[in-house]
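Input: a single structure, listed below in structure tokens.
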Amino acid sequence: MPQSQIVAHFQAQADQLLAGDLERFVEMYSLPLPIHSPGGLTVVVDPEGGTDFLNQMRAEWAKRGVVALRPDVSAIELPKANQFRVWIDWKEIDATGVEAPGSTIIYYCRKGPTGLRTEMMQYTHMATPGLVTDQTLIARSA
């Protein structure tokens with residue numbers, strides 16, 4: 001899968017997320033979805049939990065004035081059995097066009113017949129610490 005398609009995939013996810021098109025967004029992820037963060041492991045177990053979590057992320061970005069997100073792909077692993085990792089430094093953009101560093105995430109992906117799916121996420125830097133692991137109503141922590 002060419003880098004341009006991978007960047008377009010994650011940009012489409014960001015656009016859908018900020019637009020509130022959460023049902024299509026959640027379809028791009030395999031569930032249960034393990035999310036590793038500096039605070040521990042959280043597993044999103046169902047689409048409703050994923051949607052609740054995404055709404056909380058959107059609210060946090062709105063509080064900070066973020067109106068757009070841009071994926072800056074720093075590396076893509078060579079695929080093995082249609083699985084590969086993607087390293088992304090997210091950029092948060094405000095209404096004036098100013099870009100600020102966001103979270104840094106490693107996405108564990110699989111290319112399938114319906115497109116790219118994320119099977120696991122690992123935050124190496126969180127722009128909103130505590131957001132993932134505090135969500136006991138939508139996920140379970142291990």
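Residues are referred to by chain and number: the chain letter is A, B, ... according to the order shown in the structure tokens, the number counts from 1 in that chain, and ligands are numbered separately from 1 in the order shown.
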For the strand (DSSP E or B) assignment from backbone DSSP, which residues of chain A qualify? Please present them as an MDAnalysis selection string. chainID A and resid 29 33:37 40:44 66:76 80 83:94 99:112 115:125 139:141
DSSP helix (DSSP H, G or I) residues within range 5-135 of chain A, as number ranges by chain: A: 5-19, 22-26, 47-63
List the neighbours of Gly112 in chain A out to 12 Å using only C-alpha atoms; skip same-chain residues closer than 4 positions along the sequence, and give me the result as a list in words.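 The residues satisfying every condition are Met1, Met28, Tyr29, Ser30, Ala81, Asn82, Gln83, Phe84, Leu116, Arg117, Thr118 and Glu119 of chain A.
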Which residue out of A:Ala75, A:Ala95, A:Val26, A:Val67 has the minimum interatomic distance to Phe53 in chain A when only C-alpha atoms are used? A:Val26
Which one of A:Leu22, A:Gly65, A:Phe10, A:Ile105 sits closest to Pro47 in chain A if you count only C-alpha atoms?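 Among A:Leu22, A:Gly65, A:Phe10, A:Ile105, it is A:Leu22 that comes nearest to Pro47 in chain A.
CA of Arg58 in chain A lies 17.0 Å from CA of Glu99 in chain A.
With only C-alpha atoms as the basis for measurement, A:Pro79 is the residue among A:Gly97, A:Pro79, A:Gly49, A:Gly39 that approaches Arg110 in chain A most closely.
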Which residues are close to range 125-127 of chain A, i.e. within 10 Å by only C-alpha atoms, leaving aside same-chain residues fewer than 5 positions away? Reply as a PyMOL selection string. chain A and resi 37-39+61+89-90+92+101-106+132
Print the selection's residues with C-alpha atoms to a file, as a PDB file, in the first residue's frame.
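As a result, result.pdb now contains:
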ATOM      1  CA  SER A  37      -0.735   4.595  26.645  1.00  0.00           C
ATOM      2  CA  PRO A  38       1.798   5.821  29.192  1.00  0.00           C
ATOM      3  CA  GLY A  39      -0.970   5.345  31.796  1.00  0.00           C
ATOM      4  CA  TRP A  61     -10.216  19.284  20.987  1.00  0.00           C
ATOM      5  CA  ASP A  89       2.856  12.508  14.763  1.00  0.00           C
ATOM      6  CA  TRP A  90      -0.526  14.245  14.766  1.00  0.00           C
ATOM      7  CA  GLU A  92      -3.578  19.961  15.728  1.00  0.00           C
ATOM      8  CA  PRO A 101       2.012  19.143  18.071  1.00  0.00           C
ATOM      9  CA  GLY A 102      -0.632  16.602  19.052  1.00  0.00           C
ATOM     10  CA  SER A 103      -0.316  12.985  20.083  1.00  0.00           C
ATOM     11  CA  THR A 104       2.219  10.549  18.661  1.00  0.00           C
ATOM     12  CA  ILE A 105       0.707   7.139  17.956  1.00  0.00           C
ATOM     13  CA  ILE A 106       1.875   3.844  16.511  1.00  0.00           C
ATOM     14  CA  VAL A 132      -7.741   6.973  27.417  1.00  0.00           C
TER      15      VAL A 132
END
State, in Å with one decimal place, the distance from CA of Lys111 in chain A to CA of Val73 in chain A.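 A separation of 17.2 Å between them.
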I'd like the interatomic distance between CA of Val45 in chain A and CA of Leu33 in chain A, to a tenth of an Å. 6.6 Å
Could you tell me which of A:Leu31, A:Met121, A:Ile93, A:Val43 comes closest to Val66 in chain A if we count only C-alpha atoms?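 Of all the options, A:Ile93 lies closest to Val66 in chain A.
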Check the smallest atom-to-atom distance from each of A:Thr42, A:Glu48, A:Asn55, A:Ala68 to Asp15 in chain A using only C-alpha atoms, then report the winner. A:Ala68
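Close contacts of Gly20 in chain A, defined as residues with an atom at most 12 Å away when counting only C-alpha atoms, with chain neighbours fewer than 2 positions off set aside, comprise A:Gln13, A:Ala14, A:Asp15, A:Gln16, A:Leu17, A:Leu18, A:Leu22, A:Glu23, A:Arg24, A:Phe25, A:Val26, A:Thr51, A:Asp52, A:Leu54, A:Asn55, A:Gln56, A:Met57, A:Arg58, A:Ala59.
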Would you pick out the contacts of Met120 in chain A at 8 Å or less, using only C-alpha atoms, so that residues sharing its chain but fewer than 3 positions from it are not included, and give the list as number ranges by chain? A: 30, 33-35, 107-109
Return the single residue from A:Asp46, A:Thr128, A:Gln5, A:Lys63 that is closest to Asp94 in chain A, with distances computed using only C-alpha atoms.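 Of all the options, A:Lys63 lies closest to Asp94 in chain A.
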